[in-house]
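To start, the structure under review is shown below, and the notes come after it.
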Amino acid sequence: MAESPKIELFVKASVDAESVGNCPFSQRLFMILWLKGANFTLTTVDMKRAPAVLKALAPGSQPPFLIFNDEVKTDTNKIEEFLEEKLAQPEYPKLCCRYKESNGAGDDIFRKFSGYIKNPNSGINNMLETKFLSTLVKLNMYLETPLPHELDQNPNATQSTRLYLDGESLTLADCNLLPKLNIVKVVCKQYRDFDIPKELKGLTRYLDNAYKQDQFRYTCPNASEILIAYHSVAKYLNK
């Protein structure tokens, strides 16, 4: 049996430098390694206080970065591809999606969320909220639409019952989207008293199922960390 690789993941530290900070890219890679079932060392890094030897590992880079058998990787997308290739079947589970559409599901939410949450002008808030909400509705439609394998099992199905974006298990697409949705939930509640509507049943089901999974729930930063990160960019509406 091949020797297990030595893997070290460096992620953004919290403000107190003790726990995981707000960084959806760090959480994404943390989730991937956990789902793979790989042995790895997790190190939280405050780059302002990081030792010179750590800065030398990835000059000019911000966490996350990865060391895989002494090879340094700093690009999140490339790290994801690299881990899927190196931590492969049969020893490790495959995490790539069965359907390419799953990879792009929800990819416009964060951009519309940013425009919505950074605007202090109450006069255009409804317009921005509608645009943001439309991206949630679009994701909800994808989650409620049966995938081909569901229709194979039940040709008359009109509603999907799957747990996650691509089926019954978490994939790379979920590792990318869920950390962003967690940020969206926390920040929108604080700055707009906005909750994801329960009428979006597919999205509500998806998030409920995701928060039951340790690989997501225990990799999320504290809500206070998210709000600290958004303190300088998110705006309350002018009265």
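Letters A, B, ... go to the chains of the structure tokens in the order shown; residues in each chain start at 1; ligands are counted from 1 in the same order.
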**alpha helix (DSSP H) positions in stretch 2-228 of chain A, given as a PyMOL selection string** = chain A and resi 24-36+52-57+76-86+100-104+109-117+125-144+148-153+172-192+201-211+214-217+223-228
**Item:** DSSP-assigned strand (DSSP E) among chain A, expressed as a ChimeraX atom specification
**Value:** /A:7-12,41-45,65-68,71-73
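The nearest approach to A:Lys198 among the residues A:Asn140, A:Pro155, A:Leu33, A:Glu85, with only C-alpha atoms taken into account, belongs to A:Asn140.
In this structure, atom CA of A:Tyr164 sits 22.3 Å away from atom CA of A:Lys112.
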**Message:** What's the separation between atom CA of A:Cys175 and atom CA of A:Arg28, in Å to one decimal place?
**Reply:** 4.9 Å
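Using only C-alpha atoms, the residues found no farther than 12 Å from A:His149, other than those of its own chain fewer than 2 positions away, are Arg98, Tyr99, Thr145, Pro146, Leu147, Leu151, Asp152, Gln153, Asn154, Pro155, Ala157, Ser160, Thr161, Arg162, Asp166, Gly167 and Glu168 of chain A.
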With C-alpha atoms kept, could you save the residues just selected as a compact mmCIF listing (two decimals), in the first residue's frame?
```txt
# COMPACT_ATOMS: atom_id res chain seq x y z
CA ARG A 98 -21.76 13.92 -12.11
CA TYR A 99 -23.52 16.84 -13.84
CA THR A 145 -35.66 20.09 -10.53
CA PRO A 146 -35.07 16.30 -10.66
CA LEU A 147 -31.67 15.27 -12.01
CA LEU A 151 -35.91 10.60 -13.40
CA ASP A 152 -34.40 7.22 -14.28
CA GLN A 153 -35.62 5.96 -10.91
CA ASN A 154 -38.97 7.73 -11.14
CA PRO A 155 -39.90 9.03 -14.62
CA ALA A 157 -41.02 12.81 -10.62
CA SER A 160 -36.26 16.53 -6.64
CA THR A 161 -35.71 15.05 -3.19
CA ARG A 162 -31.89 14.99 -3.37
CA ASP A 166 -25.46 16.92 -7.44
CA GLY A 167 -27.10 14.09 -5.54
CA GLU A 168 -26.98 12.36 -2.17
```
**Prompt:** So what do you get for atom CA of A:Asn238 versus atom CA of A:Phe132, distance-wise?
**Reply:** 19.3 Å
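Considering the residues A:Gln213, A:Thr204, A:Asn222, A:Ser232 and counting only C-alpha atoms, A:Val15 has its shortest atom-to-atom contact with A:Asn222.
Each of A:Tyr236, A:Phe68, A:Tyr230, A:Tyr92 was checked against A:Asp193 using only C-alpha atoms; the smallest atom-to-atom distance is that of A:Tyr236.
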**Request:** List the neighbours of stretch 114-122 of chain A out to 12 Å using only C-alpha atoms; skip same-chain residues closer than 4 positions along the sequence, and give me the result as a ChimeraX atom specification.
**Result:** /A:108-110,126-133,135,180,183-194,230-239
**Request:** Using only C-alpha atoms, find the one residue out of A:Thr43, A:Asn77, A:Asn22, A:Ser61 that sits nearest to A:Leu172.
**Result:** A:Asn77
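Minimum atom-to-atom distances from A:Asp174, A:Glu80, A:Glu8, A:Glu71 to A:Tyr206 were compared using only C-alpha atoms, and the lowest value belongs to A:Asp174.
Once A:Leu54 and its same-chain neighbours fewer than 6 positions away are set aside, Phe10, Thr43, Thr44, Val45, Asp46, Met47, Lys48, Gly60, Ser61, Gln62, Pro63, Phe65, Leu66, Ile67 and Val72 of chain A remain within 12 Å of it when counting only C-alpha atoms.
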**Complete:** Between A:Phe30, A:Val20, A:Lys73, A:Glu91, smallest distance to A:Glu3 by only C-alpha atoms belongs to A:Glu91
**Prompt:** Excluding same-chain residues fewer than 6 positions from A:Leu95, what lies within 9 Å of it counting only C-alpha atoms, as a PyMOL selection string?
**Reply:** chain A and resi 32+35-36+84+169-173
Restricting the output to all heavy atoms, write the selected residues as a PDB file, in the first residue's frame.
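The result, written out as selection.pdb:
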```pdb
ATOM      1  N   ILE A  32     -12.967  19.869   1.613  1.00  0.00           N
ATOM      2  CA  ILE A  32     -12.528  18.872   0.634  1.00  0.00           C
ATOM      3  C   ILE A  32     -11.638  17.817   1.290  1.00  0.00           C
ATOM      4  O   ILE A  32     -11.845  16.604   1.122  1.00  0.00           O
ATOM      5  CB  ILE A  32     -11.789  19.546  -0.541  1.00  0.00           C
ATOM      6  CG1 ILE A  32     -12.785  20.335  -1.408  1.00  0.00           C
ATOM      7  CG2 ILE A  32     -11.055  18.517  -1.394  1.00  0.00           C
ATOM      8  CD1 ILE A  32     -12.124  21.243  -2.443  1.00  0.00           C
ATOM      9  N   LEU A  35     -13.736  15.619   3.601  1.00  0.00           N
ATOM     10  CA  LEU A  35     -14.565  14.690   2.833  1.00  0.00           C
ATOM     11  C   LEU A  35     -13.736  13.580   2.195  1.00  0.00           C
ATOM     12  O   LEU A  35     -14.205  12.442   2.048  1.00  0.00           O
ATOM     13  CB  LEU A  35     -15.338  15.448   1.755  1.00  0.00           C
ATOM     14  CG  LEU A  35     -16.508  16.311   2.237  1.00  0.00           C
ATOM     15  CD1 LEU A  35     -16.958  17.260   1.136  1.00  0.00           C
ATOM     16  CD2 LEU A  35     -17.676  15.442   2.691  1.00  0.00           C
ATOM     17  N   LYS A  36     -12.520  13.907   1.816  1.00  0.00           N
ATOM     18  CA  LYS A  36     -11.629  12.893   1.236  1.00  0.00           C
ATOM     19  C   LYS A  36     -11.212  11.845   2.267  1.00  0.00           C
ATOM     20  O   LYS A  36     -10.816  10.736   1.915  1.00  0.00           O
ATOM     21  CB  LYS A  36     -10.372  13.566   0.671  1.00  0.00           C
ATOM     22  CG  LYS A  36     -10.576  14.285  -0.656  1.00  0.00           C
ATOM     23  CD  LYS A  36     -10.713  13.339  -1.818  1.00  0.00           C
ATOM     24  CE  LYS A  36     -10.774  14.026  -3.163  1.00  0.00           C
ATOM     25  NZ  LYS A  36     -11.002  13.071  -4.274  1.00  0.00           N
ATOM     26  N   GLU A  84      -8.125  16.405  -6.120  1.00  0.00           N
ATOM     27  CA  GLU A  84      -9.012  15.427  -6.752  1.00  0.00           C
ATOM     28  C   GLU A  84      -8.202  14.417  -7.562  1.00  0.00           C
ATOM     29  O   GLU A  84      -8.559  13.229  -7.633  1.00  0.00           O
ATOM     30  CB  GLU A  84     -10.036  16.150  -7.638  1.00  0.00           C
ATOM     31  CG  GLU A  84     -11.103  15.256  -8.232  1.00  0.00           C
ATOM     32  CD  GLU A  84     -12.116  14.707  -7.235  1.00  0.00           C
ATOM     33  OE1 GLU A  84     -11.964  14.905  -6.000  1.00  0.00           O
ATOM     34  OE2 GLU A  84     -13.061  14.043  -7.673  1.00  0.00           O
ATOM     35  N   SER A 169     -24.649  13.013  -1.946  1.00  0.00           N
ATOM     36  CA  SER A 169     -23.417  13.252  -1.184  1.00  0.00           C
ATOM     37  C   SER A 169     -22.816  14.594  -1.574  1.00  0.00           C
ATOM     38  O   SER A 169     -23.052  15.111  -2.672  1.00  0.00           O
ATOM     39  CB  SER A 169     -22.402  12.121  -1.415  1.00  0.00           C
ATOM     40  OG  SER A 169     -22.124  11.981  -2.794  1.00  0.00           O
ATOM     41  N   LEU A 170     -22.060  15.164  -0.655  1.00  0.00           N
ATOM     42  CA  LEU A 170     -21.410  16.448  -0.897  1.00  0.00           C
ATOM     43  C   LEU A 170     -20.321  16.296  -1.960  1.00  0.00           C
ATOM     44  O   LEU A 170     -19.593  15.299  -1.982  1.00  0.00           O
ATOM     45  CB  LEU A 170     -20.805  16.995   0.397  1.00  0.00           C
ATOM     46  CG  LEU A 170     -21.806  17.444   1.478  1.00  0.00           C
ATOM     47  CD1 LEU A 170     -21.099  17.648   2.810  1.00  0.00           C
ATOM     48  CD2 LEU A 170     -22.512  18.731   1.051  1.00  0.00           C
ATOM     49  N   THR A 171     -20.212  17.298  -2.818  1.00  0.00           N
ATOM     50  CA  THR A 171     -19.230  17.294  -3.910  1.00  0.00           C
ATOM     51  C   THR A 171     -18.393  18.564  -3.850  1.00  0.00           C
ATOM     52  O   THR A 171     -18.596  19.437  -2.999  1.00  0.00           O
ATOM     53  CB  THR A 171     -19.938  17.232  -5.273  1.00  0.00           C
ATOM     54  OG1 THR A 171     -20.762  18.412  -5.401  1.00  0.00           O
ATOM     55  CG2 THR A 171     -20.794  15.986  -5.411  1.00  0.00           C
ATOM     56  N   LEU A 172     -17.471  18.680  -4.809  1.00  0.00           N
ATOM     57  CA  LEU A 172     -16.655  19.895  -4.909  1.00  0.00           C
ATOM     58  C   LEU A 172     -17.533  21.136  -5.077  1.00  0.00           C
ATOM     59  O   LEU A 172     -17.208  22.212  -4.558  1.00  0.00           O
ATOM     60  CB  LEU A 172     -15.690  19.779  -6.090  1.00  0.00           C
ATOM     61  CG  LEU A 172     -14.640  18.659  -6.002  1.00  0.00           C
ATOM     62  CD1 LEU A 172     -13.823  18.607  -7.296  1.00  0.00           C
ATOM     63  CD2 LEU A 172     -13.726  18.843  -4.798  1.00  0.00           C
ATOM     64  N   ALA A 173     -18.634  20.997  -5.808  1.00  0.00           N
ATOM     65  CA  ALA A 173     -19.534  22.132  -6.027  1.00  0.00           C
ATOM     66  C   ALA A 173     -20.123  22.627  -4.709  1.00  0.00           C
ATOM     67  O   ALA A 173     -20.245  23.838  -4.477  1.00  0.00           O
ATOM     68  CB  ALA A 173     -20.645  21.747  -6.998  1.00  0.00           C
TER      69      ALA A 173
END
```
**Asked** So which residues touch A:Tyr211 within 10 Å, counting only C-alpha atoms, skipping near sequence neighbours fewer than 4 positions away, as an NGL selection string?
**Response** :A and (178 or 182 or 206-207 or 215-218 or 220)
